[in-house]
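final-v7.cif follows (mmCIF, C-alpha atoms):
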```cif
data_target
loop_
_atom_site.group_PDB
_atom_site.id
_atom_site.type_symbol
_atom_site.label_atom_id
_atom_site.label_comp_id
_atom_site.auth_asym_id
_atom_site.auth_seq_id
_atom_site.Cartn_x
_atom_site.Cartn_y
_atom_site.Cartn_z
ATOM 1 C CA MET M 1 139.359 -180.543 -95.494
ATOM 2 C CA PRO M 2 140.361 -179.872 -99.130
ATOM 3 C CA LEU M 3 138.733 -176.439 -98.973
ATOM 4 C CA PHE M 4 140.707 -175.589 -95.842
ATOM 5 C CA VAL M 5 143.985 -176.618 -97.468
ATOM 6 C CA CYS M 6 143.158 -174.628 -100.607
ATOM 7 C CA VAL M 7 142.505 -171.543 -98.490
ATOM 8 C CA ILE M 8 145.834 -171.991 -96.702
ATOM 9 C CA ILE M 9 147.712 -172.432 -99.974
ATOM 10 C CA ALA M 10 145.933 -169.484 -101.646
ATOM 11 C CA SER M 11 146.330 -167.082 -98.715
ATOM 12 C CA PRO M 12 149.787 -165.793 -99.770
ATOM 13 C CA HIS M 13 148.178 -164.571 -102.995
ATOM 14 C CA TRP M 14 145.541 -162.634 -101.066
ATOM 15 C CA TYR M 15 148.071 -161.099 -98.680
ATOM 16 C CA GLY M 16 150.871 -160.672 -101.184
ATOM 17 C CA PHE M 17 151.074 -156.947 -100.595
ATOM 18 C CA LEU M 18 152.118 -157.632 -96.984
ATOM 19 C CA LEU M 19 154.787 -160.069 -98.136
ATOM 20 C CA ALA M 20 156.127 -157.488 -100.571
ATOM 21 C CA LEU M 21 156.950 -155.260 -97.609
ATOM 22 C CA GLN M 22 159.136 -157.959 -96.035
ATOM 23 C CA SER M 23 162.859 -158.378 -96.682
ATOM 24 C CA ASP M 24 164.033 -160.669 -99.476
ATOM 25 C CA SER M 25 165.103 -163.404 -97.080
ATOM 26 C CA GLN M 26 161.679 -163.442 -95.410
ATOM 27 C CA GLN M 27 159.968 -163.512 -98.811
ATOM 28 C CA GLN M 28 162.065 -166.529 -99.781
ATOM 29 C CA CYS M 29 161.120 -168.312 -96.550
ATOM 30 C CA TRP M 30 157.409 -167.756 -97.164
ATOM 31 C CA ALA M 31 157.714 -168.852 -100.795
ATOM 32 C CA SER M 32 159.539 -171.996 -99.721
ATOM 33 C CA LEU M 33 156.892 -172.767 -97.107
ATOM 34 C CA GLY M 34 154.078 -172.287 -99.610
ATOM 35 C CA GLY M 35 155.781 -174.384 -102.255
ATOM 36 C CA GLY M 36 156.515 -177.171 -99.812
ATOM 37 C CA ALA M 37 152.939 -177.199 -98.540
ATOM 38 C CA GLY M 38 151.591 -177.339 -102.080
ATOM 39 C CA LEU M 39 153.919 -180.155 -103.039
ATOM 40 C CA ALA M 40 153.056 -182.120 -99.912
ATOM 41 C CA TYR M 41 149.343 -181.690 -100.642
ATOM 42 C CA VAL M 42 149.787 -183.093 -104.153
ATOM 43 C CA PHE M 43 151.747 -186.118 -102.932
ATOM 44 C CA VAL M 44 149.206 -186.870 -100.201
ATOM 45 C CA HIS M 45 146.577 -187.142 -102.928
ATOM 46 C CA LEU M 46 148.868 -189.274 -105.107
ATOM 47 C CA LEU M 47 149.801 -191.788 -102.394
ATOM 48 C CA PRO M 48 146.714 -194.023 -102.838
ATOM 49 C CA ASP M 49 147.403 -194.238 -106.594
ATOM 50 C CA LEU M 50 151.065 -195.014 -105.998
ATOM 51 C CA ASP M 51 150.082 -197.803 -103.615
ATOM 52 C CA VAL M 52 147.933 -199.513 -106.260
ATOM 53 C CA ALA M 53 150.190 -198.873 -109.281
ATOM 54 C CA PRO M 54 152.758 -201.694 -108.684
ATOM 55 C CA PHE M 55 149.965 -204.246 -108.258
ATOM 56 C CA GLU M 56 148.299 -203.154 -111.497
ATOM 57 C CA LEU M 57 151.625 -203.069 -113.329
ATOM 58 C CA PHE M 58 153.004 -206.464 -112.306
ATOM 59 C CA CYS M 59 149.846 -208.517 -111.624
ATOM 60 C CA ARG M 60 148.003 -208.253 -114.922
ATOM 61 C CA ASN M 61 146.334 -211.379 -116.254
#
```
Would it be possible to restate this file's structure as C-alpha cells?
Amino acid sequence: MPLFVCVIIASPHWYGFLLALQSDSQQQCWASLGGGAGLAYVFVHLLPDLDVAPFELFCRN
C-alpha cells in the first residue's frame, strides 16, 4: 500500500512535461490535488501517534 501511494504522489513529477502543456488553471488544479493527497497521506500516518499522545502526556506516573 505505501508503495502504491508513493507512486501516485510521484507520478506528477514523471509526467510533468504533460502538465506543462496544460493551461495555468489546470496546472493549479493538479498541484492542489497532489498537495492535498500528500498532506492527507502524512496525517493518516500521524493519526495513531496523535491518538496515543494525550494519554502519554497526561497519564504519566
Nearest to Gly38 of chain M by atom-to-atom distance, counting all atoms listed in the file, from M:Leu21, M:Val52, M:Cys59, M:Cys6: M:Cys6
What does the structure give for the distance between atom CA of Phe4 of chain M and atom CA of Ser32 of chain M, in Å to one decimal?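 Atom CA of Phe4 of chain M sits 19.6 Å away from atom CA of Ser32 of chain M.
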From the list M:Leu3, M:Ala31, M:Asp49, M:Gly36, which residue is nearest Leu19 of chain M when using all atoms listed in the file?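 Checking each of M:Leu3, M:Ala31, M:Asp49, M:Gly36 against Leu19 of chain M, counting all atoms listed in the file, the winner is M:Ala31.
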As an exercise, work out the distance from atom CA of Leu33 of chain M to atom CA of Phe17 of chain M in Å and give it to one decimal place.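 Spanning atom CA of Leu33 of chain M to atom CA of Phe17 of chain M is a straight-line distance of 17.2 Å.
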At a cut-off of 10 Å, using only C-alpha atoms, what residues contact Pro2 of chain M? Leave out same-chain residues fewer than 5 positions from it and give the result as a PDB file with C-alpha atoms, keeping the file's coordinate frame.
```
ATOM      1  CA  VAL M   7     142.505-171.543 -98.490  1.00  0.00           C
ATOM      2  CA  ILE M   8     145.834-171.991 -96.702  1.00  0.00           C
ATOM      3  CA  TYR M  41     149.343-181.690-100.642  1.00  0.00           C
TER       4      TYR M  41
END
```
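For the pair atom CA of Gln27 of chain M and atom CA of His13 of chain M, the separation is 12.6 Å.
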Taking all atoms listed in the file into account, name the residue in M:Met1, M:Ile9, M:Pro48, M:Phe55 that is nearest to Gly34 of chain M.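 Selected residue with least distance to Gly34 of chain M: M:Ile9.
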Taking all atoms listed in the file into account, which of M:Leu47, M:Ala20, M:Leu39, M:Trp30 comes nearest Val5 of chain M? M:Leu39
Return as JSON the box centre and box size in Å, one decimal, for an axis-aligned box around all listed atoms of segment 28-41 of chain M padded by 5 Å per side.
```
{"center_x": 155.7, "center_y": -174.3, "center_z": -99.8, "size_x": 22.7, "size_y": 25.6, "size_z": 16.5}
```
